[in-house]
Amino acid sequence: MYQYDTLDKEMLADRSAEFRGQVARRLSGELSEDQFKPLRLMNGLYLQLHAYMLRVAIPYGSLNPAQLRKLAWIGRTYDKGYGHFTTRTNLQFHWIKLADTPDILDHLASVDMHAIQTSGNCIRNTTTDPYAGATAEEVDDPRVWAEAIRQWSTFHPEFSFLPRKFKIAITAAPKDRTAARVHDIGLVLKRARDGALGFEVIVGGGMGRTPYVGPTIKEFLPVNRLLSYLEAILRVYNRHGRRDNIYKARIKILVAALGKDEFARQVEAEWAKIDQDAGEGGADLPDTELARIRGAFATATFETLPAVSEAFEAAKASTPAFARFVRNNVKPHKKPGYGIVEISLKGIGDTPGDATSEQMEAVADLAERYGQDDIRVTHEQNLVLPHVRLDDIPAVWAALAEAGIATANINLVSDIIACPGLDYCALANARAIPIAQHIAEKFRDQDRAEKVGELKIKISGCINACGHHHVGHIGILGVDKKGEEFYQLTLGGSGAEDASLGSILGPALPYDRVAGAVDTLVDVYLRERRDGERFLDTFRRTGVAPFKEAVYADAH
Amino acid sequence: MKALTANRLTDGEVVFWKDGRWIERFADAQLWASDDPAALEAEGRGKAQPLVVVDAYLIDLVEAEGFWAPVSYRERIRALGPTNHLHHGKQAEGGAAIEALQHASGAARSTGRVNLIKRK
């Protein structure tokens, strides 16, 4: 993972001290709220319904045990004993006091963490594949490039006041676990026939009020040219992005307005100019620096193990609950004798993405003991131990069960993304968390959930789409309808490599009908599906008609 | 009826106006008839305390089970706490006034909320 040098540490200490002074000036009246608000937002501090919320950056979703323990400690000391993992792979504390925040930032800095660029119109946390460095599917480790972007984009003066916020995702595997095609920039790392590595560059995807699946503007960008090309994209956006209308300010609107070919042409022209201005040294990271970054990610050491573990197989045979956990939560590792263990933060009845301080500490312990000190956060609000020996997975499962986080539902119907919604967020129209809880309760029977198979439900409490509802196989959007909470259902979205935007099912449903409607949709799918079809496949084959007919049958 | 609410500057706690000061329990909040000019006067006084609160605004109320409750669902959640953690927020205290708020129903919007969105 990233490694801070002395300069980085000094910079964080200075930033924290600066914010301490700003808080003191706000509390003394020297700064008004209007003056202070942009300063607190630059340090990830929002004012929500019940308290301040602090959003902590987790670069490309990568944590070490010391960092996770520190987050657990902060949750216990300054919050209500928990934290909430987000779809940007960050962590939010929802019950923070303004006066405590400078101390919290100091504690974060002690483990090389901060809350910088988790708000505002800047380049936010870059997300990547939570299986990076562990899956055999990838052509290279995408964290190397995510780290290069982190270094380049942090405090980048030219891009600190963009027309709107800016989010980048990188995947290096054909199976996209980053939702790359619905990001401002999605980067798909590929290997050419001659062995060269390059990025497919997708620009102008996004969700929110106006969702788009982003078009590809460059099929193959040589990897060592990444930063200068990103700079060219950001410059074109900075120059032409709509600053006059917040709803039209994201890059997706600019790309759609210009057309992808014209946008790409302008980027190429800007890129050439950057090259010209840079002269002999070039505008990209030197190979030596890339090699240094790569070295920081080559820390995992693997034993030579047989592909089959007797202890693992015996536990599966003797313990059905463990076998179920393996079926759903353990994914193939690139090294024989290892597995990728995904930890669901979607216990039935729990709040999606929430982890208690005790649970965070349990995961930190497991990463230290069995997982090479490596923990990942997924954009689907779960955690991952990427490198666990198959021999050790029974012990990991037992410890997770003891901590209450061994739910065997990854990618199943109860593995639901939900934003904090109206329970916490000042922007929300409707609650998202209780809807997720009601749906999960409907599928408490794990046999039925497994029979349904992969089904991604994503819930947002408002049109800003933090819950990614546009790309849910079933998407649920909370709306305000005549003064009450209503929910608009969409079907057929996908944030994966087969990205698509959902189609509206029909009129919005009241709060107490949503979980039942999802149950009905699943019944239709089970009736209509053909061999091997996921919910999404069946929907794409049949279209909306049978689903709509079933859900709105009462209305006829 | 109306009440005046805000978030406390130091910790973000939801607070309500009562006789010139800010208190934490909605059940103790000062209430005004919808056309009472004293409500606007109190709002002005509340807004003039930027070292105590952030975003003071009036909310509309509706009668529920013999108690007054905020019309908007958002304001009821602010007065209670999040519905996914019933032991978090003001609702943890329990009692008849809290239960009445939990059972109240009404429109989900208020002028206060619209103003907040504009500020955001």
# chains A, B, ... in the order shown; residues from 1 in each chain; ligands from 1
$ select_by_dssp --residues "region 303-533 of chain A" --states "strand (DSSP E or B)" --output "VMD selection string"
chain A and resid 330 to 332 338 to 343 354 to 356 375 to 377 383 to 389 417 to 418 457 to 460 474 to 481 484 to 491 494 500 503 to 504 509 to 510
$ residues_around --residues "region 48-57 of chain A" --least-positions-apart "6" --cutoff "6 Å" --atoms "only C-alpha atoms" --output "NGL selection string"
(:A and (90-96 or 114-115 or 424-426)) or (:B and (12-14 or 78))
$ interface_residues --of "chain A" --to "chain B" --cutoff "9 Å" --atoms "only C-alpha atoms" --output "VMD selection string"
chain A and resid 26 to 29 32 to 33 47 to 52 80 95 to 100 350 to 351 422 to 424 426 to 431 433 to 434 437 480 to 485
$ select_by_dssp --residues "region 6-107 of chain B" --states "alpha helix (DSSP H)" --output "PyMOL selection string"
chain B and resi 37-47+73-80+96-103
$ residues_around --residues "region 458-463 of chain A" --least-positions-apart "6" --cutoff "9 Å" --atoms "only C-alpha atoms" --output "compact mmCIF listing (two decimals) with N, CA and C atoms, in the first residue's frame"
# COMPACT_ATOMS: atom_id res chain seq x y z
N MET A 207 -23.72 8.60 -12.45
CA MET A 207 -25.09 8.29 -12.02
C MET A 207 -25.80 9.61 -11.68
N GLY A 208 -26.34 9.76 -10.52
CA GLY A 208 -26.99 11.01 -10.17
C GLY A 208 -28.22 11.29 -11.01
N ARG A 209 -28.50 12.59 -11.15
CA ARG A 209 -29.72 13.03 -11.83
C ARG A 209 -29.77 12.62 -13.30
N THR A 210 -28.59 12.61 -13.94
CA THR A 210 -28.52 12.29 -15.37
C THR A 210 -27.50 11.16 -15.55
N ILE A 416 -26.97 -5.98 -0.14
CA ILE A 416 -27.57 -4.78 -0.74
C ILE A 416 -26.72 -3.54 -0.46
N ILE A 417 -26.50 -2.73 -1.50
CA ILE A 417 -25.92 -1.39 -1.29
C ILE A 417 -27.05 -0.47 -0.84
N ALA A 418 -26.80 0.30 0.22
CA ALA A 418 -27.77 1.33 0.61
C ALA A 418 -27.01 2.54 1.13
N CYS A 419 -27.40 3.71 0.67
CA CYS A 419 -26.81 4.94 1.20
C CYS A 419 -27.40 5.20 2.60
N PRO A 420 -26.86 6.13 3.37
CA PRO A 420 -27.42 6.40 4.69
C PRO A 420 -28.87 6.92 4.64
N GLY A 421 -29.22 7.59 3.52
CA GLY A 421 -30.60 8.01 3.32
C GLY A 421 -31.09 9.00 4.38
N LEU A 422 -32.40 9.10 4.49
CA LEU A 422 -33.01 10.11 5.36
C LEU A 422 -32.78 9.83 6.85
N CYS A 425 -28.81 11.64 6.30
CA CYS A 425 -28.29 12.58 5.30
C CYS A 425 -29.21 13.80 5.14
N LEU A 427 -29.49 15.60 2.57
CA LEU A 427 -29.99 15.75 1.20
C LEU A 427 -31.10 14.76 0.85
N ALA A 428 -31.28 13.74 1.67
CA ALA A 428 -32.15 12.62 1.27
C ALA A 428 -33.63 12.99 1.26
N ASN A 429 -34.38 12.31 0.38
CA ASN A 429 -35.84 12.44 0.35
C ASN A 429 -36.52 11.34 1.14
N ALA A 430 -35.83 10.20 1.28
CA ALA A 430 -36.48 9.02 1.85
C ALA A 430 -35.40 8.13 2.46
N ARG A 431 -35.85 7.23 3.33
CA ARG A 431 -34.90 6.32 3.96
C ARG A 431 -34.48 5.20 2.99
N ALA A 432 -33.26 4.76 3.10
CA ALA A 432 -32.77 3.63 2.29
C ALA A 432 -32.49 2.42 3.19
N ILE A 433 -31.94 2.66 4.38
CA ILE A 433 -31.50 1.54 5.23
C ILE A 433 -32.66 0.62 5.61
N ILE A 435 -35.39 0.02 4.12
CA ILE A 435 -35.85 -0.72 2.94
C ILE A 435 -34.93 -1.93 2.73
N ALA A 436 -33.61 -1.69 2.84
CA ALA A 436 -32.65 -2.80 2.69
C ALA A 436 -32.90 -3.86 3.76
N HIS A 469 -28.33 3.25 -7.45
CA HIS A 469 -29.55 2.55 -7.86
C HIS A 469 -29.66 2.38 -9.37
N HIS A 470 -29.10 3.31 -10.14
CA HIS A 470 -29.20 3.20 -11.61
C HIS A 470 -28.59 1.90 -12.14
N VAL A 471 -27.59 1.36 -11.43
CA VAL A 471 -26.91 0.18 -11.93
C VAL A 471 -27.20 -1.06 -11.07
N GLY A 472 -28.29 -1.02 -10.34
CA GLY A 472 -28.73 -2.21 -9.63
C GLY A 472 -29.48 -3.14 -10.58
N HIS A 473 -29.29 -4.45 -10.40
CA HIS A 473 -30.17 -5.36 -11.15
C HIS A 473 -31.61 -5.00 -10.80
N ILE A 474 -31.81 -4.73 -9.50
CA ILE A 474 -33.01 -4.04 -9.05
C ILE A 474 -32.53 -2.76 -8.37
N GLY A 475 -32.90 -1.63 -8.91
CA GLY A 475 -32.52 -0.35 -8.31
C GLY A 475 -33.73 0.24 -7.60
N ILE A 476 -33.48 0.89 -6.48
CA ILE A 476 -34.58 1.49 -5.72
C ILE A 476 -34.19 2.92 -5.38
N LEU A 477 -35.03 3.85 -5.80
CA LEU A 477 -34.77 5.28 -5.56
C LEU A 477 -35.86 5.86 -4.68
N GLY A 478 -35.48 6.42 -3.55
CA GLY A 478 -36.44 7.08 -2.68
C GLY A 478 -36.82 8.44 -3.24
N VAL A 479 -38.11 8.69 -3.34
CA VAL A 479 -38.59 9.97 -3.85
C VAL A 479 -39.62 10.55 -2.90
N ASP A 480 -39.81 11.83 -3.00
CA ASP A 480 -40.83 12.51 -2.22
C ASP A 480 -42.06 12.64 -3.11
N TYR A 487 -40.99 5.03 -3.49
CA TYR A 487 -39.78 4.40 -4.03
C TYR A 487 -40.02 3.98 -5.48
$ decode --residues "region 326-344 of chain A" --atoms "N, CA and C atoms" --output "short mmCIF file (atom, residue, chain, number, x, y, z; two decimals), in the first residue's frame"
data_model
loop_
_atom_site.label_atom_id
_atom_site.label_comp_id
_atom_site.auth_asym_id
_atom_site.auth_seq_id
_atom_site.Cartn_x
_atom_site.Cartn_y
_atom_site.Cartn_z
N VAL A 326 -18.11 -20.77 2.14
CA VAL A 326 -17.12 -20.94 1.07
C VAL A 326 -17.76 -20.73 -0.29
N ARG A 327 -18.96 -21.30 -0.48
CA ARG A 327 -19.64 -21.16 -1.78
C ARG A 327 -19.84 -19.69 -2.14
N ASN A 328 -20.16 -18.88 -1.16
CA ASN A 328 -20.57 -17.50 -1.46
C ASN A 328 -19.50 -16.45 -1.19
N ASN A 329 -18.65 -16.68 -0.20
CA ASN A 329 -17.76 -15.60 0.24
C ASN A 329 -16.29 -15.85 -0.05
N VAL A 330 -15.91 -17.03 -0.48
CA VAL A 330 -14.50 -17.32 -0.75
C VAL A 330 -14.30 -17.40 -2.26
N LYS A 331 -13.36 -16.62 -2.76
CA LYS A 331 -13.13 -16.53 -4.20
C LYS A 331 -11.74 -17.06 -4.53
N PRO A 332 -11.56 -17.52 -5.79
CA PRO A 332 -10.27 -18.12 -6.17
C PRO A 332 -9.12 -17.12 -6.08
N HIS A 333 -7.98 -17.60 -5.59
CA HIS A 333 -6.75 -16.81 -5.47
C HIS A 333 -5.81 -17.22 -6.57
N LYS A 334 -4.90 -16.33 -6.93
CA LYS A 334 -3.96 -16.64 -8.01
C LYS A 334 -2.95 -17.70 -7.59
N LYS A 335 -2.74 -17.85 -6.28
CA LYS A 335 -1.75 -18.81 -5.80
C LYS A 335 -2.44 -20.07 -5.29
N PRO A 336 -1.91 -21.24 -5.65
CA PRO A 336 -2.51 -22.48 -5.13
C PRO A 336 -2.46 -22.50 -3.61
N GLY A 337 -3.54 -23.00 -3.00
CA GLY A 337 -3.56 -23.14 -1.55
C GLY A 337 -4.01 -21.88 -0.81
N TYR A 338 -4.40 -20.83 -1.57
CA TYR A 338 -4.88 -19.59 -0.96
C TYR A 338 -6.30 -19.27 -1.44
N GLY A 339 -6.99 -18.44 -0.70
CA GLY A 339 -8.31 -17.97 -1.10
C GLY A 339 -8.47 -16.50 -0.77
N ILE A 340 -9.40 -15.86 -1.47
CA ILE A 340 -9.80 -14.48 -1.16
C ILE A 340 -11.07 -14.58 -0.32
N VAL A 341 -11.04 -14.02 0.88
CA VAL A 341 -12.19 -14.12 1.77
C VAL A 341 -12.92 -12.78 1.81
N GLU A 342 -14.17 -12.81 1.40
CA GLU A 342 -14.97 -11.59 1.44
C GLU A 342 -15.84 -11.60 2.69
N ILE A 343 -15.82 -10.49 3.42
CA ILE A 343 -16.55 -10.38 4.69
C ILE A 343 -17.77 -9.51 4.45
N SER A 344 -18.94 -10.09 4.60
CA SER A 344 -20.17 -9.35 4.36
C SER A 344 -20.50 -8.44 5.54
#
